[in-house]
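Peer 1: Below is upload03.cif; it holds mmCIF, N, CA and C atoms.
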```cif
data_structure
loop_
_atom_site.label_atom_id
_atom_site.label_comp_id
_atom_site.auth_asym_id
_atom_site.auth_seq_id
_atom_site.Cartn_x
_atom_site.Cartn_y
_atom_site.Cartn_z
N MET A 15 -40.79 -73.34 -5.13
CA MET A 15 -40.24 -72.08 -4.67
C MET A 15 -39.41 -72.32 -3.40
N ALA A 16 -38.35 -71.59 -3.25
CA ALA A 16 -37.47 -71.77 -2.11
C ALA A 16 -38.15 -71.31 -0.83
N ALA A 17 -37.79 -71.95 0.26
CA ALA A 17 -38.40 -71.63 1.56
C ALA A 17 -37.72 -70.41 2.16
N LYS A 18 -38.42 -69.27 2.14
CA LYS A 18 -37.86 -68.06 2.73
C LYS A 18 -38.09 -68.03 4.23
N ILE A 19 -39.13 -68.73 4.70
CA ILE A 19 -39.41 -68.80 6.13
C ILE A 19 -39.42 -70.27 6.53
N LYS A 20 -38.70 -70.59 7.59
CA LYS A 20 -38.58 -71.97 8.04
C LYS A 20 -39.03 -72.08 9.49
N LYS A 21 -39.16 -73.31 9.96
CA LYS A 21 -39.55 -73.58 11.33
C LYS A 21 -38.51 -72.98 12.28
N ASP A 22 -38.98 -72.48 13.42
CA ASP A 22 -38.17 -71.87 14.48
C ASP A 22 -37.62 -70.49 14.13
N ASP A 23 -38.02 -69.90 12.99
CA ASP A 23 -37.66 -68.52 12.68
C ASP A 23 -38.56 -67.59 13.48
N PHE A 24 -38.07 -66.39 13.75
CA PHE A 24 -38.89 -65.36 14.37
C PHE A 24 -39.39 -64.44 13.27
N VAL A 25 -40.71 -64.18 13.27
CA VAL A 25 -41.32 -63.40 12.20
C VAL A 25 -42.10 -62.23 12.79
N TYR A 26 -42.33 -61.23 11.93
CA TYR A 26 -43.08 -60.02 12.25
C TYR A 26 -44.34 -60.05 11.41
N ILE A 27 -45.51 -59.85 12.02
CA ILE A 27 -46.78 -59.90 11.30
C ILE A 27 -47.03 -58.54 10.67
N ILE A 28 -47.25 -58.50 9.35
CA ILE A 28 -47.42 -57.23 8.65
C ILE A 28 -48.85 -56.97 8.22
N ALA A 29 -49.75 -57.93 8.39
CA ALA A 29 -51.15 -57.74 7.98
C ALA A 29 -52.05 -58.58 8.86
N GLY A 30 -53.30 -58.14 9.00
CA GLY A 30 -54.28 -58.89 9.75
C GLY A 30 -54.51 -58.31 11.14
N LYS A 31 -55.29 -59.03 11.94
CA LYS A 31 -55.66 -58.53 13.26
C LYS A 31 -54.49 -58.48 14.23
N ASP A 32 -53.42 -59.24 13.97
CA ASP A 32 -52.25 -59.27 14.84
C ASP A 32 -51.09 -58.47 14.26
N ARG A 33 -51.37 -57.48 13.40
CA ARG A 33 -50.32 -56.68 12.77
C ARG A 33 -49.44 -56.01 13.82
N GLY A 34 -48.13 -56.09 13.61
CA GLY A 34 -47.19 -55.46 14.54
C GLY A 34 -46.64 -56.39 15.60
N ARG A 35 -47.19 -57.58 15.71
CA ARG A 35 -46.71 -58.52 16.72
C ARG A 35 -45.63 -59.42 16.14
N ARG A 36 -44.88 -60.03 17.04
CA ARG A 36 -43.80 -60.94 16.65
C ARG A 36 -44.05 -62.31 17.25
N GLY A 37 -43.52 -63.33 16.60
CA GLY A 37 -43.70 -64.68 17.13
C GLY A 37 -42.76 -65.67 16.46
N LYS A 38 -42.74 -66.86 17.01
CA LYS A 38 -41.89 -67.94 16.51
C LYS A 38 -42.72 -68.87 15.64
N VAL A 39 -42.16 -69.28 14.51
CA VAL A 39 -42.85 -70.17 13.59
C VAL A 39 -42.85 -71.58 14.18
N LEU A 40 -44.04 -72.13 14.37
CA LEU A 40 -44.16 -73.49 14.90
C LEU A 40 -44.19 -74.52 13.80
N ARG A 41 -44.80 -74.17 12.66
CA ARG A 41 -44.97 -75.13 11.57
C ARG A 41 -45.10 -74.38 10.26
N VAL A 42 -44.56 -74.96 9.20
CA VAL A 42 -44.68 -74.40 7.86
C VAL A 42 -45.47 -75.38 7.01
N ILE A 43 -46.46 -74.86 6.27
CA ILE A 43 -47.28 -75.68 5.38
C ILE A 43 -46.99 -75.21 3.95
N PRO A 44 -45.97 -75.77 3.28
CA PRO A 44 -45.54 -75.24 1.99
C PRO A 44 -46.56 -75.43 0.87
N LYS A 45 -47.37 -76.47 0.91
CA LYS A 45 -48.34 -76.69 -0.18
C LYS A 45 -49.41 -75.61 -0.21
N LYS A 46 -49.73 -75.05 0.95
CA LYS A 46 -50.75 -74.01 1.03
C LYS A 46 -50.16 -72.62 1.25
N ASN A 47 -48.82 -72.50 1.26
CA ASN A 47 -48.12 -71.22 1.49
C ASN A 47 -48.55 -70.58 2.80
N ARG A 48 -48.60 -71.36 3.87
CA ARG A 48 -49.03 -70.85 5.15
C ARG A 48 -48.06 -71.25 6.25
N VAL A 49 -48.06 -70.47 7.32
CA VAL A 49 -47.25 -70.77 8.50
C VAL A 49 -48.13 -70.66 9.73
N ILE A 50 -47.76 -71.41 10.78
CA ILE A 50 -48.43 -71.31 12.06
C ILE A 50 -47.43 -70.66 13.01
N VAL A 51 -47.83 -69.50 13.57
CA VAL A 51 -46.95 -68.72 14.43
C VAL A 51 -47.48 -68.79 15.86
N GLU A 52 -46.57 -68.95 16.80
CA GLU A 52 -46.92 -69.10 18.21
C GLU A 52 -47.59 -67.83 18.73
N GLY A 53 -48.82 -67.97 19.24
CA GLY A 53 -49.53 -66.86 19.84
C GLY A 53 -50.19 -65.90 18.86
N ILE A 54 -50.16 -66.21 17.58
CA ILE A 54 -50.71 -65.33 16.54
C ILE A 54 -51.90 -66.02 15.89
N ASN A 55 -52.93 -65.24 15.55
CA ASN A 55 -54.13 -65.75 14.86
C ASN A 55 -54.79 -66.87 15.67
N ILE A 56 -55.04 -66.58 16.94
CA ILE A 56 -55.64 -67.57 17.84
C ILE A 56 -57.14 -67.68 17.52
N VAL A 57 -57.60 -68.93 17.35
CA VAL A 57 -59.02 -69.19 17.10
C VAL A 57 -59.53 -70.13 18.19
N LYS A 58 -60.85 -70.10 18.39
CA LYS A 58 -61.47 -70.98 19.38
C LYS A 58 -62.14 -72.13 18.66
N LYS A 59 -61.85 -73.34 19.12
CA LYS A 59 -62.41 -74.54 18.53
C LYS A 59 -63.25 -75.24 19.59
N HIS A 60 -64.48 -75.58 19.24
CA HIS A 60 -65.36 -76.30 20.15
C HIS A 60 -65.07 -77.79 20.00
N GLN A 61 -64.50 -78.39 21.03
CA GLN A 61 -64.04 -79.77 21.00
C GLN A 61 -65.05 -80.68 21.67
N ARG A 62 -65.45 -81.71 20.95
CA ARG A 62 -66.36 -82.71 21.52
C ARG A 62 -65.55 -83.65 22.41
N PRO A 63 -66.09 -84.03 23.56
CA PRO A 63 -65.33 -84.95 24.42
C PRO A 63 -65.24 -86.35 23.82
N THR A 64 -64.08 -86.95 23.98
CA THR A 64 -63.87 -88.34 23.56
C THR A 64 -63.44 -89.14 24.78
N GLN A 65 -63.08 -90.39 24.56
CA GLN A 65 -62.66 -91.23 25.69
C GLN A 65 -61.32 -90.77 26.25
N THR A 66 -60.49 -90.14 25.42
CA THR A 66 -59.16 -89.74 25.89
C THR A 66 -59.05 -88.26 26.22
N THR A 67 -59.84 -87.40 25.55
CA THR A 67 -59.72 -85.97 25.78
C THR A 67 -61.02 -85.40 26.35
N GLN A 68 -60.86 -84.32 27.09
CA GLN A 68 -62.00 -83.65 27.67
C GLN A 68 -62.55 -82.64 26.66
N GLY A 69 -63.84 -82.45 26.64
CA GLY A 69 -64.46 -81.50 25.73
C GLY A 69 -64.37 -80.08 26.26
N GLY A 70 -64.75 -79.13 25.42
CA GLY A 70 -64.74 -77.73 25.82
C GLY A 70 -64.28 -76.86 24.67
N ILE A 71 -64.02 -75.61 24.99
CA ILE A 71 -63.55 -74.66 23.99
C ILE A 71 -62.04 -74.57 24.10
N ILE A 72 -61.36 -74.89 23.01
CA ILE A 72 -59.90 -74.92 22.97
C ILE A 72 -59.42 -73.75 22.11
N GLU A 73 -58.41 -73.03 22.59
CA GLU A 73 -57.80 -71.97 21.79
C GLU A 73 -56.52 -72.51 21.18
N LYS A 74 -56.36 -72.29 19.87
CA LYS A 74 -55.16 -72.77 19.20
C LYS A 74 -54.81 -71.80 18.07
N PRO A 75 -53.52 -71.74 17.69
CA PRO A 75 -53.12 -70.85 16.59
C PRO A 75 -53.53 -71.44 15.24
N ALA A 76 -54.08 -70.58 14.38
CA ALA A 76 -54.49 -70.99 13.04
C ALA A 76 -53.42 -70.54 12.04
N PRO A 77 -53.38 -71.16 10.86
CA PRO A 77 -52.37 -70.77 9.86
C PRO A 77 -52.61 -69.36 9.35
N ILE A 78 -51.51 -68.69 8.99
CA ILE A 78 -51.55 -67.36 8.40
C ILE A 78 -50.74 -67.43 7.11
N HIS A 79 -51.14 -66.68 6.11
CA HIS A 79 -50.46 -66.74 4.81
C HIS A 79 -49.04 -66.20 4.93
N VAL A 80 -48.13 -66.81 4.20
CA VAL A 80 -46.72 -66.47 4.31
C VAL A 80 -46.43 -65.05 3.81
N SER A 81 -47.32 -64.49 2.98
CA SER A 81 -47.11 -63.13 2.50
C SER A 81 -47.42 -62.10 3.58
N ASN A 82 -48.05 -62.52 4.67
CA ASN A 82 -48.40 -61.60 5.75
C ASN A 82 -47.38 -61.59 6.88
N VAL A 83 -46.25 -62.25 6.70
CA VAL A 83 -45.19 -62.26 7.70
C VAL A 83 -43.87 -61.86 7.05
N MET A 84 -43.00 -61.27 7.86
CA MET A 84 -41.64 -60.94 7.43
C MET A 84 -40.67 -61.56 8.42
N LEU A 85 -39.58 -62.07 7.90
CA LEU A 85 -38.56 -62.67 8.75
C LEU A 85 -37.85 -61.58 9.54
N ILE A 86 -37.57 -61.84 10.81
CA ILE A 86 -36.78 -60.93 11.63
C ILE A 86 -35.34 -61.43 11.60
N CYS A 87 -34.44 -60.57 11.14
CA CYS A 87 -33.03 -60.94 11.03
C CYS A 87 -32.44 -61.15 12.42
N PRO A 88 -31.77 -62.28 12.65
CA PRO A 88 -31.19 -62.51 13.98
C PRO A 88 -30.01 -61.58 14.29
N LYS A 89 -29.38 -61.01 13.27
CA LYS A 89 -28.23 -60.13 13.50
C LYS A 89 -28.67 -58.70 13.82
N CYS A 90 -29.49 -58.10 12.93
CA CYS A 90 -29.87 -56.69 13.13
C CYS A 90 -31.18 -56.54 13.88
N GLY A 91 -31.99 -57.61 14.00
CA GLY A 91 -33.21 -57.57 14.78
C GLY A 91 -34.36 -56.84 14.12
N LYS A 92 -34.28 -56.56 12.81
CA LYS A 92 -35.32 -55.84 12.11
C LYS A 92 -36.05 -56.77 11.14
N PRO A 93 -37.33 -56.50 10.88
CA PRO A 93 -38.01 -57.27 9.84
C PRO A 93 -37.39 -56.97 8.49
N THR A 94 -37.17 -58.00 7.71
CA THR A 94 -36.46 -57.82 6.45
C THR A 94 -36.97 -58.77 5.39
N ARG A 95 -36.71 -58.41 4.15
CA ARG A 95 -36.96 -59.34 3.05
C ARG A 95 -35.81 -60.34 3.02
N VAL A 96 -36.02 -61.45 2.37
CA VAL A 96 -35.03 -62.52 2.35
C VAL A 96 -34.50 -62.69 0.94
N GLY A 97 -33.18 -62.75 0.83
CA GLY A 97 -32.54 -63.04 -0.44
C GLY A 97 -31.76 -64.34 -0.31
N PHE A 98 -31.24 -64.80 -1.41
CA PHE A 98 -30.47 -66.03 -1.41
C PHE A 98 -29.10 -65.77 -2.01
N THR A 99 -28.11 -66.49 -1.50
CA THR A 99 -26.76 -66.41 -2.05
C THR A 99 -26.10 -67.77 -1.90
N PHE A 100 -25.00 -67.96 -2.62
CA PHE A 100 -24.27 -69.22 -2.57
C PHE A 100 -22.94 -69.00 -1.87
N LEU A 101 -22.56 -69.94 -1.01
CA LEU A 101 -21.27 -69.90 -0.34
C LEU A 101 -20.21 -70.51 -1.25
N GLU A 102 -18.97 -70.52 -0.76
CA GLU A 102 -17.87 -71.07 -1.56
C GLU A 102 -18.05 -72.56 -1.85
N ASP A 103 -18.67 -73.29 -0.92
CA ASP A 103 -18.86 -74.74 -1.12
C ASP A 103 -20.19 -75.03 -1.83
N GLU A 104 -20.73 -74.04 -2.56
CA GLU A 104 -21.92 -74.20 -3.41
C GLU A 104 -23.19 -74.52 -2.63
N THR A 105 -23.26 -74.15 -1.34
CA THR A 105 -24.50 -74.33 -0.59
C THR A 105 -25.31 -73.03 -0.66
N LYS A 106 -26.61 -73.17 -0.86
CA LYS A 106 -27.50 -72.02 -0.97
C LYS A 106 -27.99 -71.62 0.42
N VAL A 107 -27.82 -70.37 0.78
CA VAL A 107 -28.21 -69.89 2.11
C VAL A 107 -29.07 -68.64 1.97
N ARG A 108 -29.86 -68.37 3.04
CA ARG A 108 -30.69 -67.17 3.07
C ARG A 108 -29.85 -65.99 3.55
N LYS A 109 -30.20 -64.80 3.04
CA LYS A 109 -29.43 -63.60 3.36
C LYS A 109 -30.39 -62.46 3.69
N CYS A 110 -30.04 -61.65 4.69
CA CYS A 110 -30.82 -60.47 5.08
C CYS A 110 -30.61 -59.39 4.04
N LYS A 111 -31.70 -58.80 3.54
CA LYS A 111 -31.59 -57.74 2.54
C LYS A 111 -31.20 -56.40 3.15
N LYS A 112 -31.38 -56.24 4.47
CA LYS A 112 -31.04 -54.96 5.11
C LYS A 112 -29.57 -54.88 5.48
N CYS A 113 -29.08 -55.87 6.23
CA CYS A 113 -27.69 -55.80 6.70
C CYS A 113 -26.74 -56.67 5.89
N GLY A 114 -27.29 -57.56 5.07
CA GLY A 114 -26.43 -58.39 4.21
C GLY A 114 -25.86 -59.62 4.89
N GLU A 115 -26.20 -59.86 6.16
CA GLU A 115 -25.67 -61.00 6.88
C GLU A 115 -26.38 -62.29 6.47
N ILE A 116 -25.68 -63.39 6.61
CA ILE A 116 -26.24 -64.70 6.29
C ILE A 116 -27.08 -65.17 7.47
N ILE A 117 -28.32 -65.63 7.18
CA ILE A 117 -29.25 -66.05 8.22
C ILE A 117 -29.02 -67.50 8.62
N ASP A 118 -28.83 -68.37 7.63
CA ASP A 118 -28.63 -69.80 7.91
C ASP A 118 -27.21 -70.06 8.39
N LYS A 119 -27.09 -71.08 9.20
CA LYS A 119 -25.76 -71.47 9.68
C LYS A 119 -25.22 -72.60 8.86
#
```
If you took the structure in this file and wrote it as structure tokens, what would it be?

Peer 2:
Amino acid sequence: MAAKIKKDDFVYIIAGKDRGRRGKVLRVIPKKNRVIVEGINIVKKHQRPTQTTQGGIIEKPAPIHVSNVMLICPKCGKPTRVGFTFLEDETKVRKCKKCGEIIDK
């Protein structure tokens, strides 16, 4: 399936405890259909101390399912569904369904 959400995109959370918040995609996990968004779905991990790292409780963002996020269009600034179109040189690009502008450069 084509990647509708990519790294460094800004997304809007539409479901879960962080519904209504926005964030930047740090990592995409395509095999599990999940994304890690900066500052969203923060979990606490109890870290055992090792020779290089100090132990304690670490907060880090956990993956969220890609169906629970919507891409924010960089042109109109609204959460939108993503469509695909082809340019004249046969390259496939993402397109905003609300304003019709091309998202990819």

Peer 1: Need the neighbours of (-42.6, -77.8, 13.2): which residues are at most 7 Å away, counting all atoms listed in the file, as a ChimeraX atom specification?

Peer 2: /A:21-22,39-42

Peer 1: For the provided coordinates, the residues matched by the PyMOL selection byres ((chain A and resi 94-111) around 8) should be stated as a list of chain:residue names.

Peer 2: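 This file, filtered by the PyMOL selection byres ((chain A and resi 94-111) around 8), leaves A:Ala17, A:Lys18, A:Ile19, A:Tyr26, A:Val83, A:Met84, A:Leu85, A:Ile86, A:Cys87, A:Pro88, A:Gly91, A:Lys92, A:Pro93, A:Lys112, A:Cys113, A:Gly114, A:Glu115, A:Ile116, A:Ile117, A:Asp118, A:Lys119.
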
Peer 1: One decimal, in Å: what's the spacing between atom N of Ile50 of chain A and atom C of His79 of chain A?

Peer 2: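 Distance reported for this atom pair: 7.9 Å.
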
Peer 1: For Glu52 of chain A, which residue out of A:Gly37, A:Thr67, A:Lys20, A:Cys90 is the nearest one, using only C-alpha atoms?

Peer 2: A:Gly37

Peer 1: Select, from A:Lys46, A:Thr66, A:Gln61, A:Lys38, the residue with the minimum atom-to-atom distance to Val80 of chain A, counting only N, CA and C atoms.

Peer 2: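 Closest to Val80 of chain A, using only N, CA and C atoms: A:Lys46.
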
Peer 1: Please evaluate the PyMOL selection byres ((chain A and resi 71) around 5) against the structure above and give the resulting residues as a list in words.

Peer 2: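 What the PyMOL selection byres ((chain A and resi 71) around 5) grabs from the file is Lys59, His60, Gln61, Gly69, Gly70, Ile72 and Glu73 of chain A.
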
Peer 1: Output N, CA and C atoms for every residue in the selection just made, as a compact mmCIF listing (two decimals), in the coordinates of the input.

Peer 2:
```
# COMPACT_ATOMS: atom_id res chain seq x y z
N LYS A 59 -61.85 -73.34 19.12
CA LYS A 59 -62.41 -74.54 18.53
C LYS A 59 -63.25 -75.24 19.59
N HIS A 60 -64.48 -75.58 19.24
CA HIS A 60 -65.36 -76.30 20.15
C HIS A 60 -65.07 -77.79 20.00
N GLN A 61 -64.50 -78.39 21.03
CA GLN A 61 -64.04 -79.77 21.00
C GLN A 61 -65.05 -80.68 21.67
N GLY A 69 -63.84 -82.45 26.64
CA GLY A 69 -64.46 -81.50 25.73
C GLY A 69 -64.37 -80.08 26.26
N GLY A 70 -64.75 -79.13 25.42
CA GLY A 70 -64.74 -77.73 25.82
C GLY A 70 -64.28 -76.86 24.67
N ILE A 72 -61.36 -74.89 23.01
CA ILE A 72 -59.90 -74.92 22.97
C ILE A 72 -59.42 -73.75 22.11
N GLU A 73 -58.41 -73.03 22.59
CA GLU A 73 -57.80 -71.97 21.79
C GLU A 73 -56.52 -72.51 21.18
```

Peer 1: Could you check how far atom CA of Arg35 of chain A sits from atom CA of Asn82 of chain A, in Å to one decimal?

Peer 2: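 Answer for the atom CA of Arg35 of chain A to atom CA of Asn82 of chain A separation: 11.5 Å.
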
Peer 1: What's the separation between atom CA of Asn47 of chain A and atom N of Ser81 of chain A, in Å to one decimal place?

Peer 2: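 Interatomic distance, atom CA of Asn47 of chain A to atom N of Ser81 of chain A: 6.9 Å.
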
Peer 1: Just give me the residues with any atom within 8 Å of (-53.1, -62.2, 20.8), file coordinates, counting all atoms listed in the file, written as a list in words.

Peer 2: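 I get Lys31, Asp32, Gly53, Ile54, Asn55 and Ile56 of chain A for the residues within 8 Å of that point.
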
Peer 1: Output as a compact mmCIF listing (two decimals) with N, CA and C atoms, keeping the file's coordinate frame all residues of chain A that backbone DSSP marks as strand (DSSP E).

Peer 2:
```txt
# COMPACT_ATOMS: atom_id res chain seq x y z
N PHE A 24 -38.07 -66.39 13.75
CA PHE A 24 -38.89 -65.36 14.37
C PHE A 24 -39.39 -64.44 13.27
N VAL A 25 -40.71 -64.18 13.27
CA VAL A 25 -41.32 -63.40 12.20
C VAL A 25 -42.10 -62.23 12.79
N TYR A 26 -42.33 -61.23 11.93
CA TYR A 26 -43.08 -60.02 12.25
C TYR A 26 -44.34 -60.05 11.41
N ILE A 27 -45.51 -59.85 12.02
CA ILE A 27 -46.78 -59.90 11.30
C ILE A 27 -47.03 -58.54 10.67
N ARG A 36 -44.88 -60.03 17.04
CA ARG A 36 -43.80 -60.94 16.65
C ARG A 36 -44.05 -62.31 17.25
N GLY A 37 -43.52 -63.33 16.60
CA GLY A 37 -43.70 -64.68 17.13
C GLY A 37 -42.76 -65.67 16.46
N LYS A 38 -42.74 -66.86 17.01
CA LYS A 38 -41.89 -67.94 16.51
C LYS A 38 -42.72 -68.87 15.64
N VAL A 39 -42.16 -69.28 14.51
CA VAL A 39 -42.85 -70.17 13.59
C VAL A 39 -42.85 -71.58 14.18
N LEU A 40 -44.04 -72.13 14.37
CA LEU A 40 -44.16 -73.49 14.90
C LEU A 40 -44.19 -74.52 13.80
N ARG A 41 -44.80 -74.17 12.66
CA ARG A 41 -44.97 -75.13 11.57
C ARG A 41 -45.10 -74.38 10.26
N VAL A 42 -44.56 -74.96 9.20
CA VAL A 42 -44.68 -74.40 7.86
C VAL A 42 -45.47 -75.38 7.01
N ILE A 43 -46.46 -74.86 6.27
CA ILE A 43 -47.28 -75.68 5.38
C ILE A 43 -46.99 -75.21 3.95
N ARG A 48 -48.60 -71.36 3.87
CA ARG A 48 -49.03 -70.85 5.15
C ARG A 48 -48.06 -71.25 6.25
N VAL A 49 -48.06 -70.47 7.32
CA VAL A 49 -47.25 -70.77 8.50
C VAL A 49 -48.13 -70.66 9.73
N ILE A 50 -47.76 -71.41 10.78
CA ILE A 50 -48.43 -71.31 12.06
C ILE A 50 -47.43 -70.66 13.01
N VAL A 51 -47.83 -69.50 13.57
CA VAL A 51 -46.95 -68.72 14.43
C VAL A 51 -47.48 -68.79 15.86
N ILE A 56 -55.04 -66.58 16.94
CA ILE A 56 -55.64 -67.57 17.84
C ILE A 56 -57.14 -67.68 17.52
N VAL A 57 -57.60 -68.93 17.35
CA VAL A 57 -59.02 -69.19 17.10
C VAL A 57 -59.53 -70.13 18.19
N LYS A 58 -60.85 -70.10 18.39
CA LYS A 58 -61.47 -70.98 19.38
C LYS A 58 -62.14 -72.13 18.66
N LYS A 59 -61.85 -73.34 19.12
CA LYS A 59 -62.41 -74.54 18.53
C LYS A 59 -63.25 -75.24 19.59
N HIS A 60 -64.48 -75.58 19.24
CA HIS A 60 -65.36 -76.30 20.15
C HIS A 60 -65.07 -77.79 20.00
N GLN A 61 -64.50 -78.39 21.03
CA GLN A 61 -64.04 -79.77 21.00
C GLN A 61 -65.05 -80.68 21.67
N GLY A 70 -64.75 -79.13 25.42
CA GLY A 70 -64.74 -77.73 25.82
C GLY A 70 -64.28 -76.86 24.67
N ILE A 71 -64.02 -75.61 24.99
CA ILE A 71 -63.55 -74.66 23.99
C ILE A 71 -62.04 -74.57 24.10
N ILE A 72 -61.36 -74.89 23.01
CA ILE A 72 -59.90 -74.92 22.97
C ILE A 72 -59.42 -73.75 22.11
N GLU A 73 -58.41 -73.03 22.59
CA GLU A 73 -57.80 -71.97 21.79
C GLU A 73 -56.52 -72.51 21.18
N LYS A 74 -56.36 -72.29 19.87
CA LYS A 74 -55.16 -72.77 19.20
C LYS A 74 -54.81 -71.80 18.07
N PRO A 75 -53.52 -71.74 17.69
CA PRO A 75 -53.12 -70.85 16.59
C PRO A 75 -53.53 -71.44 15.24
N ILE A 78 -51.51 -68.69 8.99
CA ILE A 78 -51.55 -67.36 8.40
C ILE A 78 -50.74 -67.43 7.11
N HIS A 79 -51.14 -66.68 6.11
CA HIS A 79 -50.46 -66.74 4.81
C HIS A 79 -49.04 -66.20 4.93
N VAL A 83 -46.25 -62.25 6.70
CA VAL A 83 -45.19 -62.26 7.70
C VAL A 83 -43.87 -61.86 7.05
N MET A 84 -43.00 -61.27 7.86
CA MET A 84 -41.64 -60.94 7.43
C MET A 84 -40.67 -61.56 8.42
N LEU A 85 -39.58 -62.07 7.90
CA LEU A 85 -38.56 -62.67 8.75
C LEU A 85 -37.85 -61.58 9.54
N ILE A 86 -37.57 -61.84 10.81
CA ILE A 86 -36.78 -60.93 11.63
C ILE A 86 -35.34 -61.43 11.60
N PRO A 93 -37.33 -56.50 10.88
CA PRO A 93 -38.01 -57.27 9.84
C PRO A 93 -37.39 -56.97 8.49
N THR A 94 -37.17 -58.00 7.71
CA THR A 94 -36.46 -57.82 6.45
C THR A 94 -36.97 -58.77 5.39
N VAL A 96 -36.02 -61.45 2.37
CA VAL A 96 -35.03 -62.52 2.35
C VAL A 96 -34.50 -62.69 0.94
N GLY A 97 -33.18 -62.75 0.83
CA GLY A 97 -32.54 -63.04 -0.44
C GLY A 97 -31.76 -64.34 -0.31
N PHE A 98 -31.24 -64.80 -1.41
CA PHE A 98 -30.47 -66.03 -1.41
C PHE A 98 -29.10 -65.77 -2.01
N THR A 99 -28.11 -66.49 -1.50
CA THR A 99 -26.76 -66.41 -2.05
C THR A 99 -26.10 -67.77 -1.90
N PHE A 100 -25.00 -67.96 -2.62
CA PHE A 100 -24.27 -69.22 -2.57
C PHE A 100 -22.94 -69.00 -1.87
N LYS A 106 -26.61 -73.17 -0.86
CA LYS A 106 -27.50 -72.02 -0.97
C LYS A 106 -27.99 -71.62 0.42
N VAL A 107 -27.82 -70.37 0.78
CA VAL A 107 -28.21 -69.89 2.11
C VAL A 107 -29.07 -68.64 1.97
N ARG A 108 -29.86 -68.37 3.04
CA ARG A 108 -30.69 -67.17 3.07
C ARG A 108 -29.85 -65.99 3.55
N LYS A 109 -30.20 -64.80 3.04
CA LYS A 109 -29.43 -63.60 3.36
C LYS A 109 -30.39 -62.46 3.69
N CYS A 110 -30.04 -61.65 4.69
CA CYS A 110 -30.82 -60.47 5.08
C CYS A 110 -30.61 -59.39 4.04
```

Peer 1: Could you tell me which of A:Arg36, A:Lys89, A:Ile28, A:Thr64 comes closest to Val51 of chain A if we count all atoms listed in the file?

Peer 2: A:Arg36
